[in-house]
$ cat data-v5.csv   # CSV, C-alpha atoms
chain,number,residue,atom,x,y,z
A,1,MET,CA,188.1,161.4,-83.7
A,2,THR,CA,187.5,162.4,-80.1
A,3,PHE,CA,190.7,162.8,-78.1
A,4,ASP,CA,191.2,162.2,-74.3
A,5,THR,CA,192.8,165.7,-73.8
A,6,ILE,CA,193.3,168.7,-75.9
A,7,PHE,CA,196.1,171.0,-74.8
A,8,LEU,CA,195.3,174.4,-76.3
A,9,ASN,CA,197.7,177.2,-77.1
A,10,ALA,CA,201.0,175.4,-77.0
A,11,ARG,CA,203.8,177.5,-78.4
A,12,LEU,CA,206.5,175.4,-80.2
A,13,ASP,CA,210.1,176.5,-80.6
A,14,GLY,CA,209.5,178.2,-83.9
A,15,GLY,CA,207.0,180.5,-82.3
A,16,SER,CA,203.8,179.2,-83.8
A,17,ARG,CA,200.8,178.4,-81.7
A,18,HIS,CA,199.3,174.9,-81.8
A,19,HIS,CA,197.0,172.6,-80.1
A,20,ILE,CA,198.2,169.2,-78.9
A,21,ALA,CA,195.7,166.3,-79.0
A,22,VAL,CA,196.4,163.3,-76.7
A,23,LYS,CA,194.8,159.9,-76.7
A,24,ASP,CA,195.9,156.9,-74.6
A,25,GLY,CA,198.9,158.7,-73.2
A,26,CYS,CA,200.3,159.5,-76.6
A,27,ILE,CA,200.3,162.6,-78.9
A,28,ALA,CA,197.7,161.8,-81.5
A,29,ALA,CA,198.0,165.1,-83.4
A,30,ILE,CA,199.6,168.5,-83.3
A,31,MET,CA,197.5,171.0,-85.2
A,32,PRO,CA,197.5,174.7,-86.0
A,33,ALA,CA,195.6,177.0,-83.6
A,34,ASP,CA,192.9,177.8,-86.1
A,35,GLN,CA,191.7,174.2,-85.8
A,36,ARG,CA,189.6,173.2,-82.8
A,37,PRO,CA,189.5,169.4,-82.1
A,38,THR,CA,187.1,167.9,-79.6
A,39,GLY,CA,188.3,166.1,-76.4
A,40,THR,CA,187.0,164.8,-73.1
A,41,GLU,CA,189.2,167.3,-71.3
A,42,THR,CA,190.6,170.7,-72.4
A,43,ILE,CA,193.6,172.3,-70.9
A,44,ASP,CA,194.8,175.8,-71.9
A,45,LEU,CA,198.6,176.1,-71.8
A,46,GLY,CA,198.4,179.9,-72.1
A,47,ASN,CA,200.8,180.2,-75.0
A,48,ALA,CA,203.6,178.7,-72.9
A,49,LEU,CA,206.6,177.2,-74.7
A,50,VAL,CA,206.2,173.5,-74.9
A,51,VAL,CA,209.3,171.2,-75.1
A,52,PRO,CA,209.8,167.5,-74.7
A,53,GLY,CA,210.4,166.1,-71.3
A,54,PHE,CA,214.1,166.2,-70.3
A,55,VAL,CA,216.3,163.1,-70.5
A,56,GLU,CA,218.5,162.6,-67.4
A,57,GLY,CA,221.2,160.4,-69.0
A,58,HIS,CA,223.5,159.8,-66.0
A,59,ILE,CA,222.6,160.0,-62.3
A,60,HIS,CA,223.2,158.0,-59.1
A,61,LEU,CA,219.9,157.4,-57.2
A,62,ASP,CA,221.6,155.3,-54.6
A,63,THR,CA,224.4,157.6,-53.4
A,64,SER,CA,222.8,161.1,-53.4
A,65,PHE,CA,222.4,162.8,-50.0
A,66,TYR,CA,219.8,165.3,-51.3
A,67,GLY,CA,217.3,166.0,-48.5
A,68,ASP,CA,219.6,164.3,-46.0
A,69,ALA,CA,221.8,166.1,-43.5
A,70,TRP,CA,224.5,168.3,-45.0
A,71,ARG,CA,227.8,166.5,-45.4
A,72,PRO,CA,230.9,168.7,-45.8
A,73,HIS,CA,232.9,167.8,-48.9
A,74,LYS,CA,236.2,165.9,-48.2
A,75,PRO,CA,238.9,166.8,-50.8
A,76,CYS,CA,241.3,164.2,-52.1
A,77,THR,CA,244.7,164.3,-50.4
A,78,ASP,CA,246.7,164.6,-53.7
A,79,GLY,CA,244.5,165.6,-56.6
A,80,PHE,CA,241.5,163.8,-58.0
A,81,ASP,CA,241.6,160.1,-57.2
A,82,VAL,CA,238.7,157.7,-57.9
A,83,HIS,CA,239.9,155.1,-55.3
A,84,GLU,CA,239.9,157.8,-52.6
A,85,ARG,CA,236.5,159.2,-53.6
A,86,VAL,CA,235.0,155.7,-53.4
A,87,ALA,CA,236.4,155.3,-49.9
A,88,PHE,CA,234.9,158.7,-48.8
A,89,GLN,CA,231.6,157.5,-50.3
A,90,ALA,CA,231.6,154.3,-48.3
A,91,GLN,CA,232.2,156.3,-45.1
A,92,ASN,CA,229.4,158.7,-45.8
A,93,MET,CA,226.9,156.1,-46.9
A,94,ALA,CA,227.3,154.3,-43.5
A,95,GLU,CA,225.9,157.4,-41.8
A,96,ALA,CA,223.3,158.4,-44.4
A,97,ALA,CA,219.5,158.3,-44.3
A,98,PRO,CA,217.9,155.1,-45.7
A,99,MET,CA,218.6,154.7,-49.4
A,100,ASP,CA,215.0,154.5,-50.5
A,101,VAL,CA,214.2,157.9,-48.7
A,102,ARG,CA,217.2,159.6,-50.4
A,103,ALA,CA,216.3,158.1,-53.8
A,104,ARG,CA,212.7,159.4,-53.5
A,105,ASN,CA,214.0,162.8,-52.6
A,106,GLN,CA,216.2,162.9,-55.7
A,107,LEU,CA,213.4,161.6,-58.0
A,108,ASP,CA,211.0,164.2,-56.8
A,109,LEU,CA,213.6,166.9,-57.4
A,110,CYS,CA,214.3,165.7,-61.0
A,111,ILE,CA,210.7,165.2,-61.9
A,112,GLY,CA,209.7,168.6,-60.6
A,113,HIS,CA,212.2,170.2,-63.0
A,114,GLY,CA,210.9,168.3,-66.0
A,115,THR,CA,212.8,165.0,-66.3
A,116,THR,CA,210.5,162.3,-67.7
A,117,GLN,CA,213.3,159.8,-68.7
A,118,MET,CA,216.3,158.8,-66.6
A,119,ARG,CA,219.3,156.5,-66.6
A,120,SER,CA,220.7,155.8,-63.1
A,121,HIS,CA,223.8,153.9,-62.3
A,122,VAL,CA,223.4,151.8,-59.1
A,123,MET,CA,226.3,150.2,-57.2
A,124,VAL,CA,226.7,146.4,-57.8
A,125,ASP,CA,230.0,145.0,-56.6
A,126,GLY,CA,231.6,143.0,-53.9
A,127,SER,CA,231.2,145.9,-51.4
A,128,VAL,CA,227.4,146.1,-51.5
A,129,GLY,CA,226.3,143.0,-53.4
A,130,LEU,CA,222.8,143.4,-54.8
A,131,LYS,CA,221.3,145.3,-51.9
A,132,SER,CA,221.4,148.8,-53.5
A,133,LEU,CA,219.9,147.5,-56.7
A,134,GLU,CA,217.1,145.7,-54.9
A,135,THR,CA,216.3,149.0,-53.1
A,136,ILE,CA,216.3,151.1,-56.2
A,137,LEU,CA,214.2,148.6,-58.1
A,138,ARG,CA,211.5,148.9,-55.5
A,139,VAL,CA,211.6,152.7,-55.7
A,140,ARG,CA,211.5,152.5,-59.5
A,141,GLU,CA,208.3,150.6,-59.3
A,142,GLU,CA,206.8,153.2,-56.9
A,143,TYR,CA,207.5,155.9,-59.5
A,144,ARG,CA,206.1,154.0,-62.5
A,145,GLY,CA,203.8,156.4,-64.3
A,146,LEU,CA,205.8,159.5,-63.2
A,147,ILE,CA,209.1,158.7,-64.8
A,148,ASP,CA,210.7,156.0,-66.9
A,149,ILE,CA,214.0,154.8,-65.4
A,150,GLN,CA,216.8,152.7,-66.9
A,151,LEU,CA,219.2,151.1,-64.3
A,152,VAL,CA,222.8,150.4,-64.9
A,153,ALA,CA,224.6,147.7,-62.8
A,154,PHE,CA,227.6,149.8,-61.8
A,155,PRO,CA,230.8,148.2,-60.3
A,156,GLN,CA,231.9,151.3,-58.3
A,157,SER,CA,234.6,149.3,-56.5
A,158,GLY,CA,235.9,147.8,-59.7
A,159,ILE,CA,235.3,144.4,-61.3
A,160,LEU,CA,238.6,142.6,-61.0
A,161,ALA,CA,239.6,144.5,-57.8
A,162,SER,CA,236.3,143.5,-56.1
A,163,PRO,CA,235.9,139.8,-55.6
A,164,GLY,CA,232.6,138.3,-56.8
A,165,THR,CA,231.7,141.3,-58.9
A,166,PRO,CA,231.5,139.5,-62.3
A,167,GLN,CA,228.9,137.1,-61.0
A,168,LEU,CA,227.0,139.9,-59.3
A,169,LEU,CA,226.8,141.9,-62.5
A,170,ASP,CA,225.4,138.8,-64.2
A,171,GLU,CA,222.8,138.3,-61.5
A,172,ALA,CA,221.9,142.0,-61.5
A,173,ILE,CA,220.6,141.8,-65.1
A,174,GLY,CA,218.4,138.9,-64.1
A,175,LEU,CA,217.2,140.8,-61.1
A,176,GLY,CA,216.0,143.8,-63.3
A,177,ALA,CA,218.9,146.0,-64.2
A,178,ASP,CA,218.7,147.2,-67.8
A,179,LEU,CA,222.4,147.7,-68.6
A,180,VAL,CA,225.8,146.6,-67.4
A,181,GLY,CA,228.5,149.2,-66.5
A,182,GLY,CA,232.2,149.4,-65.9
A,183,LEU,CA,234.7,151.8,-64.3
A,184,ASP,CA,238.2,152.9,-65.5
A,185,PRO,CA,239.4,149.5,-66.9
A,186,ALA,CA,243.1,150.7,-66.9
A,187,SER,CA,243.6,152.8,-63.8
A,188,PHE,CA,241.1,151.1,-61.4
A,189,ASP,CA,241.3,147.4,-62.4
A,190,ARG,CA,244.6,147.8,-64.2
A,191,ASP,CA,243.6,145.3,-66.9
A,192,VAL,CA,241.7,146.8,-69.8
A,193,GLU,CA,241.0,143.5,-71.7
A,194,LYS,CA,239.9,141.4,-68.7
A,195,HIS,CA,237.6,144.3,-67.5
A,196,LEU,CA,236.0,144.6,-70.9
A,197,ASP,CA,235.7,140.8,-71.1
A,198,VAL,CA,233.4,140.9,-68.1
A,199,VAL,CA,231.4,143.9,-69.1
A,200,PHE,CA,230.8,142.9,-72.7
A,201,GLY,CA,230.4,139.2,-71.7
A,202,VAL,CA,227.5,140.0,-69.5
A,203,ALA,CA,226.0,142.4,-72.1
A,204,ASN,CA,226.3,139.8,-74.9
A,205,LYS,CA,224.9,137.0,-72.7
A,206,HIS,CA,221.8,139.0,-71.7
A,207,GLY,CA,221.4,141.1,-74.8
A,208,VAL,CA,221.6,144.4,-72.8
A,209,ASP,CA,223.4,147.7,-73.5
A,210,VAL,CA,226.6,149.0,-71.9
A,211,ASP,CA,227.5,152.3,-70.2
A,212,ILE,CA,231.0,152.6,-68.9
A,213,HIS,CA,232.4,155.3,-66.5
A,214,LEU,CA,235.8,156.5,-67.8
A,215,HIS,CA,237.7,159.1,-65.9
A,216,ASP,CA,241.2,158.4,-67.2
A,217,MET,CA,242.9,161.3,-68.9
A,218,GLY,CA,244.9,161.9,-72.1
A,219,THR,CA,246.3,159.1,-74.2
A,220,LEU,CA,245.4,156.5,-71.6
A,221,GLY,CA,241.7,157.5,-71.8
A,222,ALA,CA,241.9,157.7,-75.6
A,223,PHE,CA,243.4,154.1,-75.7
A,224,GLU,CA,240.6,152.8,-73.5
A,225,ILE,CA,238.0,154.5,-75.7
A,226,GLU,CA,239.4,152.9,-78.8
A,227,GLN,CA,239.3,149.5,-77.1
A,228,ILE,CA,235.7,149.9,-76.1
A,229,ALA,CA,234.8,151.0,-79.6
A,230,ALA,CA,236.6,147.9,-81.0
A,231,ARG,CA,234.6,145.6,-78.8
A,232,THR,CA,231.4,147.3,-79.8
A,233,ARG,CA,232.1,146.7,-83.5
A,234,VAL,CA,233.2,143.1,-83.0
A,235,LEU,CA,230.0,142.3,-81.2
A,236,GLY,CA,227.8,144.2,-83.5
A,237,MET,CA,226.6,146.5,-80.7
A,238,GLU,CA,226.8,149.8,-82.6
A,239,GLY,CA,224.4,152.3,-81.1
A,240,ARG,CA,224.1,150.3,-77.8
A,241,VAL,CA,227.3,151.5,-76.0
A,242,ALA,CA,227.9,154.7,-74.1
A,243,ILE,CA,231.0,156.0,-72.4
A,244,SER,CA,230.3,158.4,-69.5
A,245,HIS,CA,232.6,161.3,-68.7
A,246,ALA,CA,235.4,160.5,-71.1
A,247,TYR,CA,237.5,163.3,-69.7
A,248,GLY,CA,240.4,162.3,-71.9
A,249,LEU,CA,238.6,163.6,-74.9
A,250,GLY,CA,239.1,167.1,-73.5
A,251,ASP,CA,242.7,166.5,-72.9
A,252,ILE,CA,244.1,165.4,-76.3
A,253,THR,CA,245.3,167.2,-79.4
A,254,THR,CA,242.9,168.3,-82.2
A,255,ASP,CA,244.3,165.6,-84.5
A,256,GLN,CA,243.9,162.9,-81.9
A,257,LEU,CA,240.3,164.1,-81.2
A,258,LYS,CA,239.5,164.0,-84.9
A,259,LYS,CA,240.7,160.4,-85.2
A,260,ILE,CA,238.8,159.3,-82.0
A,261,GLY,CA,235.7,161.1,-83.2
A,262,GLU,CA,235.7,159.0,-86.4
A,263,VAL,CA,236.2,155.8,-84.4
A,264,LEU,CA,233.3,156.7,-82.1
A,265,ALA,CA,231.0,157.6,-85.0
A,266,ARG,CA,231.8,154.4,-86.8
A,267,SER,CA,231.2,152.3,-83.7
A,268,GLY,CA,228.0,154.2,-82.7
A,269,VAL,CA,229.4,154.8,-79.2
A,270,ALA,CA,227.7,157.7,-77.5
A,271,ILE,CA,229.5,160.1,-75.1
A,272,MET,CA,227.9,161.4,-71.9
A,273,THR,CA,229.3,164.6,-70.4
A,274,ASN,CA,228.0,166.8,-67.6
A,275,ALA,CA,230.7,169.5,-68.1
A,276,PRO,CA,232.0,169.2,-64.5
A,277,GLY,CA,233.8,172.2,-63.0
A,278,ALA,CA,237.6,172.2,-63.0
A,279,ARG,CA,237.8,169.2,-65.3
A,280,PRO,CA,238.5,168.8,-69.0
A,281,PHE,CA,235.4,167.5,-70.8
A,282,PRO,CA,234.5,166.2,-74.3
A,283,PRO,CA,234.2,169.0,-76.9
A,284,ILE,CA,230.5,168.8,-77.8
A,285,LEU,CA,230.5,170.5,-81.2
A,286,ALA,CA,233.6,168.7,-82.5
A,287,LEU,CA,232.1,165.3,-81.6
A,288,ARG,CA,228.7,166.1,-82.9
A,289,ASN,CA,230.2,167.3,-86.2
A,290,ALA,CA,232.0,164.0,-86.4
A,291,GLY,CA,228.7,162.2,-86.1
A,292,VAL,CA,229.0,161.2,-82.4
A,293,THR,CA,225.9,161.3,-80.2
A,294,VAL,CA,226.7,163.4,-77.1
A,295,PHE,CA,224.2,163.4,-74.2
A,296,SER,CA,224.2,164.6,-70.6
A,297,GLY,CA,223.1,164.1,-67.0
A,298,ASN,CA,223.5,165.7,-63.7
A,299,ASP,CA,225.7,162.8,-62.4
A,300,ASN,CA,226.3,163.4,-58.7
A,301,ILE,CA,223.9,165.5,-56.7
A,302,ARG,CA,225.1,166.5,-53.2
A,303,ASP,CA,227.0,163.4,-52.6
A,304,SER,CA,230.6,162.3,-51.8
A,305,TRP,CA,232.0,163.5,-55.1
A,306,TRP,CA,230.8,167.1,-54.9
A,307,PRO,CA,228.3,169.2,-53.0
A,308,TYR,CA,226.6,170.7,-56.1
A,309,GLY,CA,223.5,169.6,-58.2
A,310,ASP,CA,219.9,170.6,-58.4
A,311,GLY,CA,218.5,167.9,-60.6
A,312,ASP,CA,217.6,170.4,-63.3
A,313,MET,CA,218.5,169.3,-66.9
A,314,LEU,CA,217.7,172.7,-68.3
A,315,ARG,CA,220.2,174.2,-66.0
A,316,ARG,CA,222.6,171.5,-67.1
A,317,ALA,CA,222.1,172.6,-70.7
A,318,ALA,CA,223.0,176.1,-69.5
A,319,THR,CA,226.1,174.8,-67.9
A,320,LEU,CA,227.1,172.8,-71.0
A,321,GLY,CA,226.6,176.0,-73.1
A,322,TYR,CA,228.5,178.2,-70.7
A,323,ARG,CA,231.5,175.9,-70.5
A,324,SER,CA,231.5,175.3,-74.2
A,325,GLY,CA,231.4,179.0,-75.1
A,326,PHE,CA,228.0,178.6,-76.8
A,327,ASN,CA,226.5,182.1,-77.5
A,328,VAL,CA,224.6,182.1,-80.8
A,329,ASP,CA,221.1,180.7,-80.9
A,330,GLU,CA,221.9,177.6,-82.9
A,331,GLU,CA,224.6,176.7,-80.4
A,332,LEU,CA,222.2,177.2,-77.5
A,333,ARG,CA,219.8,174.8,-79.3
A,334,VAL,CA,222.6,172.3,-79.5
A,335,ALA,CA,223.0,172.5,-75.7
A,336,PHE,CA,219.2,171.9,-75.4
A,337,ASP,CA,219.3,169.0,-77.9
A,338,VAL,CA,222.0,167.3,-75.7
A,339,VAL,CA,219.5,167.1,-72.8
A,340,THR,CA,216.5,166.1,-75.0
A,341,GLU,CA,216.7,164.5,-78.4
A,342,ALA,CA,220.3,163.4,-78.2
A,343,GLY,CA,219.7,161.9,-74.8
A,344,ALA,CA,216.7,160.0,-76.2
A,345,LYS,CA,218.9,158.6,-79.0
A,346,ALA,CA,221.7,157.5,-76.6
A,347,LEU,CA,219.2,155.8,-74.3
A,348,ARG,CA,217.4,154.3,-77.3
A,349,LEU,CA,214.1,155.6,-76.2
A,350,GLU,CA,211.0,154.8,-78.2
A,351,GLY,CA,208.2,157.3,-78.8
A,352,TYR,CA,210.1,160.3,-77.6
A,353,GLY,CA,209.6,163.9,-78.8
A,354,LEU,CA,207.0,166.4,-79.7
A,355,ARG,CA,205.4,164.6,-82.7
A,356,ALA,CA,202.4,162.6,-83.5
A,357,GLY,CA,202.7,159.0,-82.2
A,358,ALA,CA,205.2,159.9,-79.4
A,359,LYS,CA,204.5,159.7,-75.7
A,360,ALA,CA,202.7,162.8,-74.4
A,361,ASP,CA,205.7,163.6,-72.1
A,362,PHE,CA,206.3,167.4,-72.2
A,363,VAL,CA,207.2,170.5,-70.1
A,364,THR,CA,205.8,174.0,-70.3
A,365,LEU,CA,208.3,176.9,-69.9
A,366,GLN,CA,207.8,180.6,-69.6
A,367,ALA,CA,210.2,181.6,-72.3
A,368,GLU,CA,210.0,182.9,-75.9
A,369,HIS,CA,212.0,180.1,-77.4
A,370,VAL,CA,214.6,177.4,-76.6
A,371,PRO,CA,217.6,179.7,-76.6
A,372,GLU,CA,216.0,182.0,-74.1
A,373,ALA,CA,215.0,179.0,-72.0
A,374,VAL,CA,218.6,177.7,-71.9
A,375,VAL,CA,220.1,180.9,-70.7
A,376,GLY,CA,217.2,181.9,-68.5
A,377,VAL,CA,216.3,178.5,-66.9
A,378,PRO,CA,212.8,179.6,-66.1
A,379,GLN,CA,211.0,178.1,-63.2
A,380,GLY,CA,207.2,177.6,-62.6
A,381,ARG,CA,207.1,174.7,-65.0
A,382,SER,CA,204.3,172.2,-65.5
A,383,VAL,CA,205.4,168.6,-66.3
A,384,TYR,CA,203.2,166.1,-68.1
A,385,LYS,CA,203.8,162.4,-68.4
A,386,GLY,CA,201.5,160.5,-70.7
A,387,GLY,CA,199.4,163.6,-71.0
A,388,ARG,CA,198.9,163.7,-67.2
A,389,LEU,CA,200.1,166.5,-65.0
A,390,VAL,CA,202.7,165.0,-62.7
A,391,ALA,CA,204.5,168.1,-61.4
A,392,SER,CA,203.8,171.9,-61.1
A,393,SER,CA,206.2,174.5,-60.0
A,394,GLY,CA,208.5,171.8,-58.6
A,395,ARG,CA,205.8,170.0,-56.6
A,396,ILE,CA,204.9,166.4,-57.5
A,397,MET,CA,201.2,166.2,-58.4
A,398,GLY,CA,200.8,162.6,-59.6
A,399,LYS,CA,200.4,159.5,-57.5
A,400,ARG,CA,203.3,157.0,-57.3
A,401,GLY,CA,202.8,153.4,-58.3
$ encode --input "data-v5.csv" --output "structure tokens"
Amino acid sequence: MTFDTIFLNARLDGGSRHHIAVKDGCIAAIMPADQRPTGTETIDLGNALVVPGFVEGHIHLDTSFYGDAWRPHKPCTDGFDVHERVAFQAQNMAEAAPMDVRARNQLDLCIGHGTTQMRSHVMVDGSVGLKSLETILRVREEYRGLIDIQLVAFPQSGILASPGTPQLLDEAIGLGADLVGGLDPASFDRDVEKHLDVVFGVANKHGVDVDIHLHDMGTLGAFEIEQIAARTRVLGMEGRVAISHAYGLGDITTDQLKKIGEVLARSGVAIMTNAPGARPFPPILALRNAGVTVFSGNDNIRDSWWPYGDGDMLRRAATLGYRSGFNVDEELRVAFDVVTEAGAKALRLEGYGLRAGAKADFVTLQAEHVPEAVVGVPQGRSVYKGGRLVASSGRIMGKRG
């Protein structure tokens, strides 16, 4: 067989050197370096470490200010408060650059670091209607071929607390959103069951997945997790529901965590954590050992929630490892798995990974192996999407659209 492109001298995590044959945008074969297949084009990777494209599992393309004017962070008046942060966000958004410009800036940043798959939450509620989603849908189309993007209809202002939001979430799926979201059913909308009635009602009607923001702490957060898991099982949606943040899992006893871990595993509910500073976060190893899929995302990047973020999922893996106390190589590989294979599983991606038959989406790194890449976060990466170079050393190379 003659292939479209042969990538020579690709070093895999185990240290062995291989050639990667690509045809029609997919990996057709990975073969030892002593074999020499023929292809229309040959690219020598120079013995660089080759890893799958990163999976950005949780980000907000509509609310980032990256590339816009610097906006000093406004602290909450009395500890972390979601309602107050939402109000600050509305103030800042009124003065921000156009949303499509900011979204493109953020996408270029993420792609340049090696993200080839993304899930973005986009505000859909009574405060903004469908305008933000319509804008991000247009931007998504522009970037087709550079990155695959799932969009979550996200009720940032609540569902019950924001008039008209249930209908808007329903319309958002028809417009092109891929998932339906939710936000703190107890503390924000103050009615867990009615909130979940809407979220799972829309999901069940349209046959889409669910990804719910949950910031509530301690036993309140644990209770909400159990209720979400129960809904998941009743509707036969195992493997199709994620809970983002789930701070409460880092704020309960070991026995409680063990019980919740079993519930999550049985329900197939995935947990997203970005290991935010100064906040409890879900214990990655304990949940994985219980059979729970744990994935990650950068979440907010230079927005109204915090001023940090660089769009680099490899650096996010380093942060996850650092905050989790991961030191040995196998633990560092866990941190890497959270931003690659585990993310692909949570997002239910087809054709992901470095294997024959998968999409030819991969990144080259100047590192000896994955553990060194996680702690070193090497730059100067080349990013390939469908076997085509789309970014080099942080600069976008491919054409949009």
$ residues_around --input "data-v5.csv" --residues "Arg333 of chain A" --least-positions-apart "4" --cutoff "10 Å" --atoms "all atoms listed in the file" --output "PyMOL selection string"
chain A and resi 13+317+321+326+328-329+337-338+369-374
$ closest_residue --input "data-v5.csv" --among "A:Gly236, A:Gly291, A:Gly46, A:Pro280" --to "Gly261 of chain A" --atoms "only C-alpha atoms"
A:Gly291
$ atom_distance --input "data-v5.csv" --atom1 "atom CA of Ala186 of chain A" --atom2 "atom CA of Ile159 of chain A"
11.5 Å
$ closest_atom_pairs --input "data-v5.csv" --of "segment 201-283 of chain A" --to "segment 116-139 of chain A" --cutoff "10 Å" --atoms "only C-alpha atoms" --output "JSON lines"
{"residue": "A:Asp211", "atom": "CA", "partner": "A:His121", "partner_atom": "CA", "distance": 8.9}
{"residue": "A:Ile212", "atom": "CA", "partner": "A:His121", "partner_atom": "CA", "distance": 9.9}
{"residue": "A:His213", "atom": "CA", "partner": "A:His121", "partner_atom": "CA", "distance": 9.7}
$ write_last_selection --input "data-v5.csv" --atoms "C-alpha atoms" --output "PDB file, keeping the file's coordinate frame"
ATOM      1  CA  ASP A 211     227.500 152.300 -70.200  1.00  0.00           C
ATOM      2  CA  ILE A 212     231.000 152.600 -68.900  1.00  0.00           C
ATOM      3  CA  HIS A 213     232.400 155.300 -66.500  1.00  0.00           C
TER       4      HIS A 213
END
$ atom_distance --input "data-v5.csv" --atom1 "atom CA of Gly174 of chain A" --atom2 "atom CA of Val198 of chain A"
15.7 Å
$ atom_distance --input "data-v5.csv" --atom1 "atom CA of Met217 of chain A" --atom2 "atom CA of Pro282 of chain A"
11.1 Å
$ residues_near_point --input "data-v5.csv" --point "(220.5, 162.1, -78.2)" --cutoff "10 Å" --atoms "all atoms listed in the file" --output "list in words"
Val55, Gly57, Ala270, Ile271, Met272, Val292, Thr293, Val294, Phe295, Ser296, Asp337, Val338, Val339, Thr340, Glu341, Ala342, Gly343, Ala344, Lys345, Ala346, Leu347, Arg348 and Leu349 of chain A
$ residues_around --input "data-v5.csv" --residues "Ser16 of chain A" --least-positions-apart "6" --cutoff "10 Å" --atoms "all atoms listed in the file" --output "PyMOL selection string"
chain A and resi 9-10+32-33+47+49
$ closest_residue --input "data-v5.csv" --among "A:His83, A:His215, A:Arg231, A:Arg279" --to "Val199 of chain A" --atoms "only C-alpha atoms"
A:Arg231
$ residues_near_point --input "data-v5.csv" --point "(218.2, 147.3, -67.2)" --cutoff "8 Å" --atoms "all atoms listed in the file" --output "VMD selection string"
chain A and resid 150 to 153 173 176 to 180 208
$ closest_residue --input "data-v5.csv" --among "A:Thr63, A:Thr5, A:Asn274, A:Asn204" --to "Asp44 of chain A" --atoms "all atoms listed in the file"
A:Thr5
$ closest_residue --input "data-v5.csv" --among "A:Asn105, A:Val51, A:Ser304, A:Gly250" --to "Gln91 of chain A" --atoms "all atoms listed in the file"
A:Ser304
$ build_atoms --input "data-v5.csv" --residues "segment 13-26 of chain A" --atoms "N, CA and C atoms" --output "mmCIF file, in the frame of the given file"
data_model
loop_
_atom_site.group_PDB
_atom_site.id
_atom_site.type_symbol
_atom_site.label_atom_id
_atom_site.label_comp_id
_atom_site.auth_asym_id
_atom_site.auth_seq_id
_atom_site.Cartn_x
_atom_site.Cartn_y
_atom_site.Cartn_z
ATOM 1 N N ASP A 13 208.888 175.753 -80.532
ATOM 2 C CA ASP A 13 210.100 176.500 -80.600
ATOM 3 C C ASP A 13 210.162 177.538 -81.705
ATOM 4 N N GLY A 14 209.526 177.229 -82.807
ATOM 5 C CA GLY A 14 209.500 178.200 -83.900
ATOM 6 C C GLY A 14 208.652 179.378 -83.694
ATOM 7 N N GLY A 15 207.862 179.372 -82.619
ATOM 8 C CA GLY A 15 207.000 180.500 -82.300
ATOM 9 C C GLY A 15 205.576 180.353 -82.629
ATOM 10 N N SER A 16 205.238 179.341 -83.424
ATOM 11 C CA SER A 16 203.800 179.200 -83.800
ATOM 12 C C SER A 16 203.022 178.532 -82.698
ATOM 13 N N ARG A 17 201.734 178.884 -82.677
ATOM 14 C CA ARG A 17 200.800 178.400 -81.700
ATOM 15 C C ARG A 17 200.055 177.190 -82.208
ATOM 16 N N HIS A 18 200.004 176.116 -81.429
ATOM 17 C CA HIS A 18 199.300 174.900 -81.800
ATOM 18 C C HIS A 18 198.495 174.328 -80.715
ATOM 19 N N HIS A 19 197.662 173.369 -81.071
ATOM 20 C CA HIS A 19 197.000 172.600 -80.100
ATOM 21 C C HIS A 19 197.532 171.142 -80.152
ATOM 22 N N ILE A 20 197.662 170.513 -78.988
ATOM 23 C CA ILE A 20 198.200 169.200 -78.900
ATOM 24 C C ILE A 20 197.085 168.221 -78.443
ATOM 25 N N ALA A 21 196.745 167.253 -79.286
ATOM 26 C CA ALA A 21 195.700 166.300 -79.000
ATOM 27 C C ALA A 21 196.338 165.005 -78.437
ATOM 28 N N VAL A 22 195.846 164.535 -77.303
ATOM 29 C CA VAL A 22 196.400 163.300 -76.700
ATOM 30 C C VAL A 22 195.340 162.270 -76.521
ATOM 31 N N LYS A 23 195.732 161.063 -76.846
ATOM 32 C CA LYS A 23 194.800 159.900 -76.700
ATOM 33 C C LYS A 23 195.668 158.719 -76.204
ATOM 34 N N ASP A 24 195.200 158.053 -75.168
ATOM 35 C CA ASP A 24 195.900 156.900 -74.600
ATOM 36 C C ASP A 24 197.322 157.146 -74.256
ATOM 37 N N GLY A 25 197.569 158.341 -73.720
ATOM 38 C CA GLY A 25 198.900 158.700 -73.200
ATOM 39 C C GLY A 25 199.890 159.093 -74.297
ATOM 40 N N CYS A 26 199.448 159.160 -75.551
ATOM 41 C CA CYS A 26 200.300 159.500 -76.600
ATOM 42 C C CYS A 26 199.813 160.766 -77.384
#
